[in-house]
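K.L.:
What follows is start-v6.txt, made up of compact mmCIF, C-alpha atoms and all ligand atoms:
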```
# COMPACT_ATOMS: atom_id res chain seq x y z
CA MET A 27 45.81 -25.80 150.61
CA ARG A 28 42.56 -24.31 149.43
CA PRO A 29 42.21 -24.41 145.65
CA THR A 30 41.48 -21.14 143.89
CA MET A 31 37.84 -21.01 142.82
CA ALA A 32 36.84 -20.19 139.29
CA LYS A 33 33.57 -19.19 137.73
CA LEU A 34 32.63 -21.53 134.91
CA ASN A 35 30.68 -20.88 131.72
CA ILE A 36 27.08 -22.16 131.89
CA LEU A 37 25.75 -23.87 128.75
CA ARG A 38 22.54 -22.35 127.46
CA TYR A 39 19.58 -24.30 126.07
CA PRO A 40 19.33 -25.59 123.32
CA ASP A 41 23.06 -26.42 123.44
CA PRO A 42 23.20 -30.14 122.51
CA ARG A 43 25.83 -30.78 125.20
CA LEU A 44 23.05 -30.33 127.79
CA HIS A 45 21.70 -33.68 126.58
CA THR A 46 24.82 -35.64 127.56
CA LEU A 47 24.43 -38.50 130.03
CA ALA A 48 26.72 -37.94 133.05
CA LYS A 49 28.99 -40.72 134.32
CA PRO A 50 29.37 -41.66 137.99
CA VAL A 51 32.33 -40.14 139.86
CA ALA A 52 34.90 -42.91 140.42
CA ALA A 53 36.58 -41.32 143.46
CA VAL A 54 35.91 -38.12 145.41
CA ASP A 55 39.42 -36.68 145.14
CA ASP A 56 40.92 -33.18 144.92
CA ARG A 57 39.88 -32.86 141.29
CA VAL A 58 36.23 -33.50 142.20
CA ARG A 59 36.44 -31.15 145.22
CA ARG A 60 37.80 -28.45 142.91
CA LEU A 61 34.85 -29.03 140.57
CA VAL A 62 32.45 -28.73 143.54
CA GLU A 63 34.05 -25.41 144.58
CA ASP A 64 33.83 -24.08 141.02
CA LEU A 65 30.19 -25.17 140.72
CA LEU A 66 29.34 -23.41 143.99
CA GLU A 67 31.15 -20.25 142.91
CA THR A 68 29.32 -20.31 139.56
CA MET A 69 25.91 -21.02 141.13
CA TYR A 70 26.19 -18.25 143.75
CA ALA A 71 27.48 -15.74 141.18
CA ALA A 72 24.50 -16.52 138.92
CA GLU A 73 22.09 -16.39 141.92
CA GLY A 74 20.79 -19.89 141.20
CA VAL A 75 19.50 -22.44 143.72
CA GLY A 76 21.10 -25.40 141.98
CA LEU A 77 23.67 -26.32 139.36
CA ALA A 78 24.58 -29.66 137.82
CA ALA A 79 28.04 -30.40 136.39
CA THR A 80 26.34 -31.08 133.03
CA GLN A 81 25.51 -27.37 132.81
CA VAL A 82 29.21 -26.45 132.81
CA ASP A 83 30.03 -29.19 130.26
CA VAL A 84 31.46 -31.64 132.80
CA HIS A 85 29.61 -34.91 132.38
CA GLU A 86 29.95 -36.48 135.82
CA ARG A 87 27.29 -37.02 138.47
CA VAL A 88 27.89 -33.93 140.61
CA ILE A 89 25.27 -31.43 141.78
CA VAL A 90 25.45 -28.39 144.05
CA MET A 91 22.42 -26.72 145.57
CA ASP A 92 21.51 -24.06 148.11
CA THR A 93 17.83 -23.53 148.80
CA SER A 94 18.40 -21.52 152.00
CA SER A 95 17.25 -17.90 152.05
CA GLU A 96 20.58 -16.83 153.59
CA ARG A 97 22.54 -18.54 150.76
CA ASP A 98 24.89 -20.08 153.30
CA ASN A 99 23.83 -23.73 153.37
CA PRO A 100 25.30 -25.55 150.36
CA LEU A 101 24.24 -29.12 149.64
CA ILE A 102 26.64 -31.23 147.59
CA LEU A 103 25.38 -34.39 145.92
CA ILE A 104 27.94 -36.66 144.27
CA ASN A 105 26.60 -39.79 142.54
CA PRO A 106 23.07 -39.04 143.78
CA GLU A 107 20.40 -41.73 143.54
CA ILE A 108 16.73 -41.35 144.45
CA THR A 109 15.83 -44.25 146.75
CA ALA A 110 12.19 -43.30 147.45
CA ARG A 111 9.56 -41.07 145.88
CA SER A 112 6.24 -39.93 147.32
CA VAL A 113 3.09 -40.97 145.48
CA GLU A 114 1.89 -37.43 146.05
CA LEU A 115 2.85 -35.01 143.30
CA ALA A 116 3.29 -31.24 143.49
CA VAL A 117 3.39 -28.51 140.88
CA ALA A 118 5.95 -25.74 141.26
CA GLU A 119 7.30 -22.96 139.08
CA GLU A 120 10.82 -23.76 137.90
CA GLY A 121 13.63 -21.85 136.29
CA CYS A 122 17.10 -22.89 135.17
CA LEU A 123 20.45 -21.14 134.80
CA SER A 124 20.71 -22.78 131.36
CA VAL A 125 17.36 -21.25 130.33
CA PRO A 126 17.64 -17.71 131.73
CA GLN A 127 14.50 -15.71 132.48
CA ILE A 128 12.13 -18.54 131.63
CA TYR A 129 9.86 -19.87 134.39
CA ASP A 130 7.10 -22.43 134.09
CA LYS A 131 5.19 -24.99 136.10
CA VAL A 132 6.40 -28.59 136.33
CA GLU A 133 4.81 -31.47 138.21
CA ARG A 134 7.15 -33.66 140.26
CA HIS A 135 7.13 -35.95 143.30
CA ALA A 136 6.35 -33.89 146.41
CA ARG A 137 9.05 -35.68 148.46
CA VAL A 138 12.09 -37.73 147.53
CA THR A 139 14.76 -39.59 149.48
CA VAL A 140 18.24 -39.17 148.00
CA ARG A 141 21.39 -41.14 148.70
CA ALA A 142 24.66 -39.47 147.71
CA LEU A 143 28.27 -38.80 148.62
CA GLY A 144 29.34 -35.48 150.11
CA ARG A 145 32.46 -33.45 149.34
CA ASP A 146 34.63 -35.65 151.55
CA GLY A 147 33.27 -38.79 149.94
CA GLU A 148 31.05 -39.60 152.91
CA ALA A 149 27.76 -41.39 152.11
CA PHE A 150 24.55 -39.83 153.40
CA GLU A 151 20.83 -39.86 152.79
CA ILE A 152 18.39 -36.96 152.93
CA GLU A 153 14.63 -36.66 152.73
CA ALA A 154 13.79 -33.63 150.62
CA GLU A 155 10.50 -31.77 150.35
CA GLY A 156 9.31 -28.40 149.06
CA LEU A 157 11.86 -26.41 147.05
CA THR A 158 14.65 -28.86 147.92
CA ALA A 159 12.67 -31.79 146.46
CA VAL A 160 11.97 -29.79 143.30
CA CYS A 161 15.62 -28.81 143.00
CA VAL A 162 16.95 -32.35 143.54
CA GLN A 163 14.69 -33.74 140.80
CA HIS A 164 15.45 -30.84 138.44
CA GLU A 165 19.25 -31.18 138.89
CA MET A 166 19.17 -34.97 138.65
CA ASP A 167 17.36 -34.60 135.32
CA HIS A 168 20.34 -32.53 134.10
CA LEU A 169 22.63 -35.49 134.84
CA LEU A 170 20.40 -37.57 132.57
CA GLY A 171 20.63 -34.93 129.86
CA LYS A 172 17.16 -33.55 130.47
CA VAL A 173 16.25 -29.86 130.74
CA PHE A 174 12.98 -28.80 132.47
CA VAL A 175 11.55 -27.25 129.30
CA GLU A 176 11.19 -30.81 127.98
CA TYR A 177 8.21 -31.18 130.35
CA LEU A 178 6.43 -28.27 128.63
CA SER A 179 4.30 -28.46 125.49
CA PRO A 180 6.17 -28.66 122.14
CA LEU A 181 4.79 -25.23 121.27
CA LYS A 182 6.17 -23.62 124.44
CA ARG A 183 9.47 -25.45 124.04
CA ASP A 184 9.86 -24.21 120.46
CA ARG A 185 9.17 -20.63 121.55
CA ILE A 186 11.77 -20.92 124.30
CA ARG A 187 14.31 -22.43 121.90
CA THR A 188 13.80 -19.54 119.43
CA LYS A 189 14.08 -16.96 122.22
CA MET A 190 17.29 -18.48 123.59
CA LEU A 191 18.92 -18.72 120.14
CA LYS A 192 18.03 -15.07 119.49
CA LYS A 193 19.46 -14.03 122.86
CA THR A 194 22.73 -15.88 122.16
CA ARG A 195 23.01 -14.31 118.68
CA GLU A 196 22.42 -10.82 120.11
CA GLU A 197 25.09 -11.36 122.77
CA GLN A 198 27.59 -12.61 120.20
CA ARG A 199 26.93 -9.55 118.04
CA GLY A 200 27.45 -7.29 121.05
CA ARG A 201 30.91 -8.71 121.77
NI NI B 301 18.53 -26.34 135.57
```
Once more with this new file: its structure as structure tokens, please.

P.N.:
Amino acid sequence: MRPTMAKLNILRYPDPRLHTLAKPVAAVDDRVRRLVEDLLETMYAAEGVGLAATQVDVHERVIVMDTSSERDNPLILINPEITARSVELAVAEEGCLSVPQIYDKVERHARVTVRALGRDGEAFEIEAEGLTAVCVQHEMDHLLGKVFVEYLSPLKRDRIRTKMLKKTREEQRGR
């Protein structure tokens, strides 16, 4: 039986829960598959390329991504670990569903090899480059409680924090 999917609420920076360290998934069971489905539903609805469980206040090592232009090629990473990183670095503009409408440049490894479990608990390894490499590193940071704005200067980060708090206040007033 296919579980009913549900859109989840995405935590917004600077919500302190975004700084929670995620725990490994003990077993890829129906509960975890349900979480994966909900993460995918939430990510596609928000038009994001990646979403970590941390961002929906579930502190387990689960990530969903889709960097395809057709939005039909989901990548599910459960208990992901980076097993190799290129010496070469690359700078790319990043955004985050937890920091809406903010984009800035971050330097990361140009290529990474990731080992993870898929939605049926099968182990696999992928070599990621380009947008996929950026996304893997960005989402894995979320599992460690790190948001991409932490790579920016303190001045920029403070401005973003103020802007996000203002946005949240305005939305709450509008309700
Ligand atoms: Ni993000």

K.L.:
Taking only C-alpha atoms and all ligand atoms and a cut-off of 10 Å, can you tell me which residues surround ligand NI 301 (chain B), written as a PyMOL selection string?

P.N.:
chain A and resi 38-39+44+74-78+80-81+120-126+161+163-168+172-175

K.L.:
Could the residues in this selection be written to a file with C-alpha atoms, as a JSON list (two decimals), keeping the file's coordinate frame?

P.N.:
```json
[["chain", "number", "residue", "atom", "x", "y", "z"],
["A", 38, "ARG", "CA", 22.54, -22.35, 127.46],
["A", 39, "TYR", "CA", 19.58, -24.30, 126.07],
["A", 44, "LEU", "CA", 23.05, -30.33, 127.79],
["A", 74, "GLY", "CA", 20.79, -19.89, 141.20],
["A", 75, "VAL", "CA", 19.50, -22.44, 143.72],
["A", 76, "GLY", "CA", 21.10, -25.40, 141.98],
["A", 77, "LEU", "CA", 23.67, -26.32, 139.36],
["A", 78, "ALA", "CA", 24.58, -29.66, 137.82],
["A", 80, "THR", "CA", 26.34, -31.08, 133.03],
["A", 81, "GLN", "CA", 25.51, -27.37, 132.81],
["A", 120, "GLU", "CA", 10.82, -23.76, 137.90],
["A", 121, "GLY", "CA", 13.63, -21.85, 136.29],
["A", 122, "CYS", "CA", 17.10, -22.89, 135.17],
["A", 123, "LEU", "CA", 20.45, -21.14, 134.80],
["A", 124, "SER", "CA", 20.71, -22.78, 131.36],
["A", 125, "VAL", "CA", 17.36, -21.25, 130.33],
["A", 126, "PRO", "CA", 17.64, -17.71, 131.73],
["A", 161, "CYS", "CA", 15.62, -28.81, 143.00],
["A", 163, "GLN", "CA", 14.69, -33.74, 140.80],
["A", 164, "HIS", "CA", 15.45, -30.84, 138.44],
["A", 165, "GLU", "CA", 19.25, -31.18, 138.89],
["A", 166, "MET", "CA", 19.17, -34.97, 138.65],
["A", 167, "ASP", "CA", 17.36, -34.60, 135.32],
["A", 168, "HIS", "CA", 20.34, -32.53, 134.10],
["A", 172, "LYS", "CA", 17.16, -33.55, 130.47],
["A", 173, "VAL", "CA", 16.25, -29.86, 130.74],
["A", 174, "PHE", "CA", 12.98, -28.80, 132.47],
["A", 175, "VAL", "CA", 11.55, -27.25, 129.30]]
```

K.L.:
Rounded to one decimal in Å, what is the spacing between CA of Val90 in chain A and CA of Arg137 in chain A?

P.N.:
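Answer for the CA of Val90 in chain A to CA of Arg137 in chain A separation: 18.5 Å.
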
K.L.:
Given the point (3.1, -28.1, 134.0) in the file's coordinates, find the residues that have an atom at most 12 Å from it, counting only C-alpha atoms, and give them as a PDB file with C-alpha atoms, keeping the file's coordinate frame.

P.N.:
```pdb
ATOM      1  CA  LEU A 115       2.850 -35.010 143.300  1.00  0.00           C
ATOM      2  CA  ALA A 116       3.290 -31.240 143.490  1.00  0.00           C
ATOM      3  CA  VAL A 117       3.390 -28.510 140.880  1.00  0.00           C
ATOM      4  CA  ALA A 118       5.950 -25.740 141.260  1.00  0.00           C
ATOM      5  CA  GLU A 119       7.300 -22.960 139.080  1.00  0.00           C
ATOM      6  CA  GLU A 120      10.820 -23.760 137.900  1.00  0.00           C
ATOM      7  CA  TYR A 129       9.860 -19.870 134.390  1.00  0.00           C
ATOM      8  CA  ASP A 130       7.100 -22.430 134.090  1.00  0.00           C
ATOM      9  CA  LYS A 131       5.190 -24.990 136.100  1.00  0.00           C
ATOM     10  CA  VAL A 132       6.400 -28.590 136.330  1.00  0.00           C
ATOM     11  CA  GLU A 133       4.810 -31.470 138.210  1.00  0.00           C
ATOM     12  CA  ARG A 134       7.150 -33.660 140.260  1.00  0.00           C
ATOM     13  CA  PHE A 174      12.980 -28.800 132.470  1.00  0.00           C
ATOM     14  CA  VAL A 175      11.550 -27.250 129.300  1.00  0.00           C
ATOM     15  CA  GLU A 176      11.190 -30.810 127.980  1.00  0.00           C
ATOM     16  CA  TYR A 177       8.210 -31.180 130.350  1.00  0.00           C
ATOM     17  CA  LEU A 178       6.430 -28.270 128.630  1.00  0.00           C
ATOM     18  CA  SER A 179       4.300 -28.460 125.490  1.00  0.00           C
ATOM     19  CA  LYS A 182       6.170 -23.620 124.440  1.00  0.00           C
TER      20      LYS A 182
END
```

K.L.:
I'd like the contact shell of Ala32 in chain A - 12 Å cut-off, all atoms listed in the file, skipping same-chain residues fewer than 2 positions apart - returned as a PDB file with C-alpha atoms, keeping the file's coordinate frame.

P.N.:
```pdb
ATOM      1  CA  PRO A  29      42.210 -24.410 145.650  1.00  0.00           C
ATOM      2  CA  THR A  30      41.480 -21.140 143.890  1.00  0.00           C
ATOM      3  CA  LEU A  34      32.630 -21.530 134.910  1.00  0.00           C
ATOM      4  CA  ASN A  35      30.680 -20.880 131.720  1.00  0.00           C
ATOM      5  CA  ARG A  60      37.800 -28.450 142.910  1.00  0.00           C
ATOM      6  CA  LEU A  61      34.850 -29.030 140.570  1.00  0.00           C
ATOM      7  CA  VAL A  62      32.450 -28.730 143.540  1.00  0.00           C
ATOM      8  CA  GLU A  63      34.050 -25.410 144.580  1.00  0.00           C
ATOM      9  CA  ASP A  64      33.830 -24.080 141.020  1.00  0.00           C
ATOM     10  CA  LEU A  65      30.190 -25.170 140.720  1.00  0.00           C
ATOM     11  CA  LEU A  66      29.340 -23.410 143.990  1.00  0.00           C
ATOM     12  CA  GLU A  67      31.150 -20.250 142.910  1.00  0.00           C
ATOM     13  CA  THR A  68      29.320 -20.310 139.560  1.00  0.00           C
ATOM     14  CA  MET A  69      25.910 -21.020 141.130  1.00  0.00           C
ATOM     15  CA  TYR A  70      26.190 -18.250 143.750  1.00  0.00           C
ATOM     16  CA  ALA A  71      27.480 -15.740 141.180  1.00  0.00           C
ATOM     17  CA  VAL A  82      29.210 -26.450 132.810  1.00  0.00           C
TER      18      VAL A  82
END
```

K.L.:
Could you tell me how far CA of Gly200 in chain A sits from CA of Ile128 in chain A, in Å to one decimal place?

P.N.:
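Value for the CA of Ile128 in chain A-CA of Gly200 in chain A distance: 21.8 Å.
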
K.L.:
May I have the residues within 9 Å of Ala48 in chain A as a ChimeraX atom specification, using all atoms listed in the file and disregarding those fewer than 4 positions away in the same chain?

P.N.:
/A:79-80,84-88,168-171
